[in-house]
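Written below as C-alpha cells is the structure these notes are about.
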Amino acid sequence: MKKLLLSLLFIVLFASITLADAPFHIGIMTGTVSQQEDELRGAERLIEEYGRVSDGGMISHVTSPDNPDAEIETTISQITAWADDPLMKAIVVQTSISGTTEGFRRVRELRPDILLFAGSPQEDPAMIAGVADLVMQNDNISRGYLLILGAKKLGADTFVHISFPRHMSYELLSRRRDIMMETCKDFGIEFVNLGAPDPRSDVGVAGAQQYLLEKVPAWIEEYGQKAAFFTTNDALEEPLIRQVATFGGLYVEGDYASPTMGYPGALGVKFEEADKGNWPNIVKKVEEKVIEAGAAGRMGCWAFSYPYCIAAGLGEHAKRIIEGKSELLDKTDIIDALGVYSPGAGWNASYYIDADDVVRKNFMLVYQDTYIFGRGYLNQTSEVIPEKYYDKNIGKK
C-alpha cells in the first residue's frame, strides 16, 4: 500500500511538472559577450522572465558565430535546427548576420507555422523581408533629421559630421548625411563635413582614435562651443566623447546611441556585474560622470541600448502574437513590446521603402527618444518629420 501511494504521488508530481512546462517555445539567436553583449543581455532578460527551454521554460537561446562571414553554414544550421522542436513557434535573430535569410528560408520550408523575426539585418533588405514575417532596423533615415533637430534644441549653430570614404560608400549612411545637410540648411545651422582615418586602414583603431584625440580640441576652438559633433564610426565615439566633455561643444548622441558605447571608456565609468542589462543603473552611472566632467545638458544617448531592446522586444512581441494578444504588423503593438524593456523612453516606427519605392510593411524602422544627461528626454519621438526629408533624391537635386 505504501508503495502504491508513493507511485501515485510520483505520478501527480510528474503531471504537475509537465503541466507547468511552457506551452510553446521561442528561439533567440544573439551575438556573444565579446561581439554583441547588449543583445545577449536582452535574451537573458527574456530567459529571466520566461525560463529556459531546458528547464521547462519558453526561451531557447543560442549565440551566433563571432566570425559570421566565415561561418555562414553554422548560422544556417543553428536556425534550421529549431524547426525540429514541435513546440517552437517563433524565431528571433538579433543581429541578423549572413546566413539568416537562408536559415529562415529552410525553416519556412519545414515549418511554415513558425514566426520569423529579423533584427538589424546585415543582408539585402529585399531578400530578408521576402522570407521574414517581421524585420526591424534602426531608423537612420529619420535620425538624419532628428540628430540636427536635437542639436538645434541644445542651441547648436554648427554640426560637424566626421567620417571616411568607406562609410560614405554605404547608401544609407551617405543618404543620412545628405538629410543632415538639408536639415542644417533649413534650420540655419552650418554643416561641416570632416574626414578621419578609417579604423580598418593601416593606422588601425588606435591610430584613428589618436587622430581624433589630437584634432577635436582644435575643431572645437575653430567651430566654437555651440558646435555639435557626430561620427559614423563606433570606435571613434570614445575619443570624441572624451574631448567634447573636456573642451566643450555638443554631442547629441552617437551613431550607435547606447550609454555603453564610448562613454564608459571616455569618462572612466565602472560597472558592476549587477549593472549588466540594468539600463537605469547604467545611465545613472554615466550621467554622474558626465555631470562631474562639467558636460551636463550638452551630451546624450539613447537611455536603453537598441540591440538589447530589439532582442527582448521582438521576443516579447512574438509571445504576445502567439497568445493572441498582439497583431504581427501593428505599430502600436510593436512599440508597446519595445517599451516593456525601456520604461520611460519613447519609440517611433515607420515602414521601410525600398529602392523601387515599394513600401514593405513587414520591415519596420524604429528609433528611440534622445536622453540628454543632466536634462532629460528631448521628446524627439513626438516630433513630426516633414515628408521632404524622406525623398531619396534629397541633396542630389
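In the C-alpha cells, chains take letters A, B, ... by order of appearance, with residues numbered from 1 within each chain and ligands from 1 in the order shown.
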
>> To test your reading of the structure, identify every residue in region 198-282 of chain A that backbone DSSP assigns to strand (DSSP E), and report it as a PyMOL selection string.
In response: chain A and resi 227-231

>> Can you tell me which residues surround Ala303 (chain A) at a distance of at most 8 Å, considering only C-alpha atoms, apart from same-chain residues fewer than 2 positions away, and format the answer as a list of chain:residue names?
In response: A:Ser258, A:Pro259, A:Trp279, A:Pro280, A:Val283, A:Cys301, A:Ser305, A:Ser342, A:Ala345, A:Thr370, A:Tyr371

>> I'd like the neighbourhood of region 198-204 of chain A as a list in words, where a residue qualifies if any of its atoms comes within 12 Å (using only C-alpha atoms), though same-chain residues fewer than 4 positions away should be ignored.
In response: Ile162, Ser163, Phe164, Pro165, Arg166, His167, Met168, Ala208, Gln209, Gln210, Tyr211, Leu212, Thr231, Thr232, Asn233, Asp234, Ala235, Leu236 and Glu237 of chain A

> Which polymer residues have any atom within 10 Å of an atom of Ala295 (chain A), counting only C-alpha atoms, with same-chain residues fewer than 5 positions away left out, as a VMD selection string?
Replying inline: chain A and resid 244 to 251 287 289 to 290 300 373 to 374

>> For a test of reading the model, state the distance in Å between CA of Thr381 (chain A) and CA of Tyr351 (chain A), rounded to one decimal.
In response: 15.3 Å

>> If we count only C-alpha atoms and set the cut-off at 12 Å, which residues sit around Ser326 (chain A), ignoring sequence neighbours fewer than 5 positions away in its own chain? Please answer as a PyMOL selection string.
In response: chain A and resi 314+316-321+331-337

Selected residues written out, C-alpha atoms, as a compact mmCIF listing (two decimals), in the first residue's frame:
# COMPACT_ATOMS: atom_id res chain seq x y z
CA LEU A 314 10.90 41.07 -30.60
CA GLU A 316 8.01 39.73 -26.25
CA HIS A 317 6.11 40.70 -29.41
CA ALA A 318 6.33 37.12 -30.69
CA LYS A 319 4.98 35.79 -27.39
CA ARG A 320 2.03 38.18 -27.45
CA ILE A 321 1.18 37.27 -31.07
CA LYS A 331 2.97 49.55 -34.94
CA THR A 332 1.37 50.23 -31.57
CA ASP A 333 1.77 46.61 -30.51
CA ILE A 334 5.41 46.60 -31.61
CA ILE A 335 6.20 49.83 -29.75
CA ASP A 336 4.40 48.50 -26.65
CA ALA A 337 6.62 45.40 -26.69

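The residue set within 10 Å of Ile220 (chain A), counting only C-alpha atoms and dropping same-chain residues fewer than 3 places from it, reads Val160, Lys215, Val216, Pro217, Tyr223, Gly224, Gln225, Lys226, Ala227, Ala228, Phe229, Gln243, Val244, Phe247, Gly248, Gly249 and Leu250 of chain A.
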
For the selection just defined, write its residues with N, CA and C atoms to a file, as a PDB file, in the first residue's frame.
ATOM      1  N   VAL A 160      29.054  69.203 -36.970  1.00  0.00           N
ATOM      2  CA  VAL A 160      30.284  68.644 -37.541  1.00  0.00           C
ATOM      3  C   VAL A 160      30.121  67.135 -37.725  1.00  0.00           C
ATOM      4  N   LYS A 215      42.839  66.092 -32.873  1.00  0.00           N
ATOM      5  CA  LYS A 215      42.157  67.065 -33.729  1.00  0.00           C
ATOM      6  C   LYS A 215      40.939  67.745 -33.086  1.00  0.00           C
ATOM      7  N   VAL A 216      40.210  67.014 -32.271  1.00  0.00           N
ATOM      8  CA  VAL A 216      38.945  67.556 -31.761  1.00  0.00           C
ATOM      9  C   VAL A 216      39.119  68.856 -30.978  1.00  0.00           C
ATOM     10  N   PRO A 217      40.112  68.987 -30.095  1.00  0.00           N
ATOM     11  CA  PRO A 217      40.262  70.275 -29.398  1.00  0.00           C
ATOM     12  C   PRO A 217      40.421  71.459 -30.351  1.00  0.00           C
ATOM     13  N   TYR A 223      35.299  75.860 -34.435  1.00  0.00           N
ATOM     14  CA  TYR A 223      33.857  75.945 -34.699  1.00  0.00           C
ATOM     15  C   TYR A 223      33.048  76.424 -33.490  1.00  0.00           C
ATOM     16  N   GLY A 224      33.658  76.462 -32.319  1.00  0.00           N
ATOM     17  CA  GLY A 224      33.014  77.062 -31.172  1.00  0.00           C
ATOM     18  C   GLY A 224      32.280  76.103 -30.253  1.00  0.00           C
ATOM     19  N   GLN A 225      31.875  76.639 -29.113  1.00  0.00           N
ATOM     20  CA  GLN A 225      31.211  75.845 -28.083  1.00  0.00           C
ATOM     21  C   GLN A 225      29.802  75.412 -28.482  1.00  0.00           C
ATOM     22  N   LYS A 226      29.247  76.040 -29.511  1.00  0.00           N
ATOM     23  CA  LYS A 226      27.905  75.669 -29.967  1.00  0.00           C
ATOM     24  C   LYS A 226      27.939  74.699 -31.152  1.00  0.00           C
ATOM     25  N   ALA A 227      29.093  74.108 -31.384  1.00  0.00           N
ATOM     26  CA  ALA A 227      29.216  73.108 -32.453  1.00  0.00           C
ATOM     27  C   ALA A 227      28.851  71.735 -31.905  1.00  0.00           C
ATOM     28  N   ALA A 228      28.001  71.009 -32.632  1.00  0.00           N
ATOM     29  CA  ALA A 228      27.629  69.640 -32.269  1.00  0.00           C
ATOM     30  C   ALA A 228      28.455  68.678 -33.113  1.00  0.00           C
ATOM     31  N   PHE A 229      29.000  67.637 -32.483  1.00  0.00           N
ATOM     32  CA  PHE A 229      29.891  66.703 -33.170  1.00  0.00           C
ATOM     33  C   PHE A 229      29.249  65.326 -33.276  1.00  0.00           C
ATOM     34  N   GLN A 243      36.880  64.231 -25.640  1.00  0.00           N
ATOM     35  CA  GLN A 243      37.337  65.588 -25.920  1.00  0.00           C
ATOM     36  C   GLN A 243      36.210  66.613 -25.864  1.00  0.00           C
ATOM     37  N   VAL A 244      35.011  66.226 -26.267  1.00  0.00           N
ATOM     38  CA  VAL A 244      33.875  67.144 -26.150  1.00  0.00           C
ATOM     39  C   VAL A 244      33.565  67.397 -24.672  1.00  0.00           C
ATOM     40  N   PHE A 247      36.701  69.709 -23.531  1.00  0.00           N
ATOM     41  CA  PHE A 247      36.969  71.008 -24.154  1.00  0.00           C
ATOM     42  C   PHE A 247      35.711  71.791 -24.531  1.00  0.00           C
ATOM     43  N   GLY A 248      34.554  71.141 -24.527  1.00  0.00           N
ATOM     44  CA  GLY A 248      33.321  71.848 -24.859  1.00  0.00           C
ATOM     45  C   GLY A 248      32.686  71.345 -26.136  1.00  0.00           C
ATOM     46  N   GLY A 249      31.617  72.017 -26.545  1.00  0.00           N
ATOM     47  CA  GLY A 249      30.863  71.577 -27.704  1.00  0.00           C
ATOM     48  C   GLY A 249      29.705  70.679 -27.283  1.00  0.00           C
ATOM     49  N   LEU A 250      29.001  70.152 -28.272  1.00  0.00           N
ATOM     50  CA  LEU A 250      27.796  69.362 -28.036  1.00  0.00           C
ATOM     51  C   LEU A 250      27.929  67.976 -28.653  1.00  0.00           C
TER      52      LEU A 250
END

>> So that I can see what lies close to Pro264 (chain A), please list as number ranges by chain the residues with an atom at most 10 Å from it, counting only C-alpha atoms and leaving out residues fewer than 3 positions away in the same chain.
In response: A: 238, 241-242, 259-261, 267-271, 282, 285-286, 289

Expected file: the selected residues, N, CA and C atoms, as a PDB file, in the first residue's frame:
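Saved as selection20.pdb:
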ATOM      1  N   GLU A 238      34.504  57.029 -28.594  1.00  0.00           N
ATOM      2  CA  GLU A 238      35.168  57.223 -27.302  1.00  0.00           C
ATOM      3  C   GLU A 238      36.079  58.449 -27.281  1.00  0.00           C
ATOM      4  N   ILE A 241      33.836  61.675 -27.528  1.00  0.00           N
ATOM      5  CA  ILE A 241      33.137  61.969 -26.277  1.00  0.00           C
ATOM      6  C   ILE A 241      34.105  62.555 -25.253  1.00  0.00           C
ATOM      7  N   ARG A 242      35.279  61.953 -25.147  1.00  0.00           N
ATOM      8  CA  ARG A 242      36.259  62.419 -24.159  1.00  0.00           C
ATOM      9  C   ARG A 242      36.637  63.875 -24.389  1.00  0.00           C
ATOM     10  N   PRO A 259      24.254  54.051 -24.003  1.00  0.00           N
ATOM     11  CA  PRO A 259      25.091  54.614 -22.933  1.00  0.00           C
ATOM     12  C   PRO A 259      26.356  53.807 -22.685  1.00  0.00           C
ATOM     13  N   THR A 260      26.406  52.575 -23.210  1.00  0.00           N
ATOM     14  CA  THR A 260      27.607  51.758 -23.040  1.00  0.00           C
ATOM     15  C   THR A 260      28.588  51.925 -24.193  1.00  0.00           C
ATOM     16  N   MET A 261      28.232  52.733 -25.185  1.00  0.00           N
ATOM     17  CA  MET A 261      29.119  52.936 -26.330  1.00  0.00           C
ATOM     18  C   MET A 261      29.884  54.252 -26.178  1.00  0.00           C
ATOM     19  N   LEU A 267      34.974  58.337 -20.076  1.00  0.00           N
ATOM     20  CA  LEU A 267      34.803  59.032 -18.798  1.00  0.00           C
ATOM     21  C   LEU A 267      35.166  58.179 -17.586  1.00  0.00           C
ATOM     22  N   GLY A 268      35.661  56.968 -17.826  1.00  0.00           N
ATOM     23  CA  GLY A 268      36.074  56.115 -16.717  1.00  0.00           C
ATOM     24  C   GLY A 268      34.925  55.574 -15.898  1.00  0.00           C
ATOM     25  N   VAL A 269      33.824  55.228 -16.553  1.00  0.00           N
ATOM     26  CA  VAL A 269      32.671  54.678 -15.846  1.00  0.00           C
ATOM     27  C   VAL A 269      32.919  53.200 -15.538  1.00  0.00           C
ATOM     28  N   LYS A 270      32.717  52.810 -14.291  1.00  0.00           N
ATOM     29  CA  LYS A 270      32.919  51.422 -13.876  1.00  0.00           C
ATOM     30  C   LYS A 270      31.573  50.765 -13.597  1.00  0.00           C
ATOM     31  N   PHE A 271      31.357  49.609 -14.208  1.00  0.00           N
ATOM     32  CA  PHE A 271      30.121  48.870 -13.996  1.00  0.00           C
ATOM     33  C   PHE A 271      30.390  47.605 -13.192  1.00  0.00           C
ATOM     34  N   ILE A 282      22.893  51.865 -15.372  1.00  0.00           N
ATOM     35  CA  ILE A 282      23.959  52.244 -16.305  1.00  0.00           C
ATOM     36  C   ILE A 282      23.884  53.731 -16.620  1.00  0.00           C
ATOM     37  N   LYS A 285      25.025  55.922 -13.692  1.00  0.00           N
ATOM     38  CA  LYS A 285      26.478  55.977 -13.505  1.00  0.00           C
ATOM     39  C   LYS A 285      27.150  56.832 -14.576  1.00  0.00           C
ATOM     40  N   VAL A 286      26.672  56.712 -15.826  1.00  0.00           N
ATOM     41  CA  VAL A 286      27.235  57.534 -16.896  1.00  0.00           C
ATOM     42  C   VAL A 286      26.893  58.996 -16.645  1.00  0.00           C
ATOM     43  N   LYS A 289      29.114  60.761 -14.209  1.00  0.00           N
ATOM     44  CA  LYS A 289      30.435  61.096 -14.758  1.00  0.00           C
ATOM     45  C   LYS A 289      30.344  62.279 -15.727  1.00  0.00           C
TER      46      LYS A 289
END

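Shortest atom-to-atom contact with Asn379 (chain A) among A:Leu328, A:Tyr367, A:Arg175, A:Asp38: A:Tyr367, counting only C-alpha atoms.
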
> Between CA of Tyr306 (chain A) and CA of Pro65 (chain A), what is the distance, to one decimal in Å?
Replying inline: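 It comes out at 20.5 Å.
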
> Hey, can you check how far CA of Phe187 (chain A) sits from CA of Glu387 (chain A)?
Replying inline: 15.8 Å

> In region 84-165 of chain A, what's helix (DSSP H, G or I) per DSSP? Answer as a PyMOL selection string?
Replying inline: chain A and resi 84+100-110+125-131+140-153+165

For the interface of region 220-322 of chain A with region 119-123 of chain A (cut-off 12 Å, counting only C-alpha atoms), please tabulate each contacting residue of region 220-322 of chain A alongside its nearest pair of atoms and their separation in Å to one decimal, rows sorted by chain and increasing number, as CSV.
residue,atom,partner,partner_atom,distance
A:Tyr306,CA,A:Ser120,CA,9.7
A:Pro307,CA,A:Ser120,CA,8.0
A:Tyr308,CA,A:Gly119,CA,10.6
A:Cys309,CA,A:Gly119,CA,10.2
A:Ile310,CA,A:Gly119,CA,6.5
A:Ala311,CA,A:Gly119,CA,7.3
A:Ala312,CA,A:Gly119,CA,10.5
A:Gly313,CA,A:Gly119,CA,10.1
A:Leu314,CA,A:Gly119,CA,8.0
A:Gly315,CA,A:Gly119,CA,10.6

Can you write out the residues you just picked, keeping C-alpha atoms, as a CSV table (one decimal), in the first residue's frame?
chain,number,residue,atom,x,y,z
A,306,TYR,CA,19.0,49.5,-29.1
A,307,PRO,CA,20.1,45.8,-29.6
A,308,TYR,CA,19.0,44.9,-26.1
A,309,CYS,CA,15.6,46.3,-26.7
A,310,ILE,CA,15.2,44.7,-30.1
A,311,ALA,CA,16.3,41.3,-28.9
A,312,ALA,CA,14.0,41.3,-25.9
A,313,GLY,CA,11.2,43.4,-27.6
A,314,LEU,CA,10.9,41.1,-30.6
A,315,GLY,CA,10.8,38.1,-28.3

> When distances are computed from only C-alpha atoms, which of A:Ile28, A:Ile76, A:Ala266, A:Ala90 shows the smallest separation from Ser60 (chain A)?
Replying inline: A:Ile28
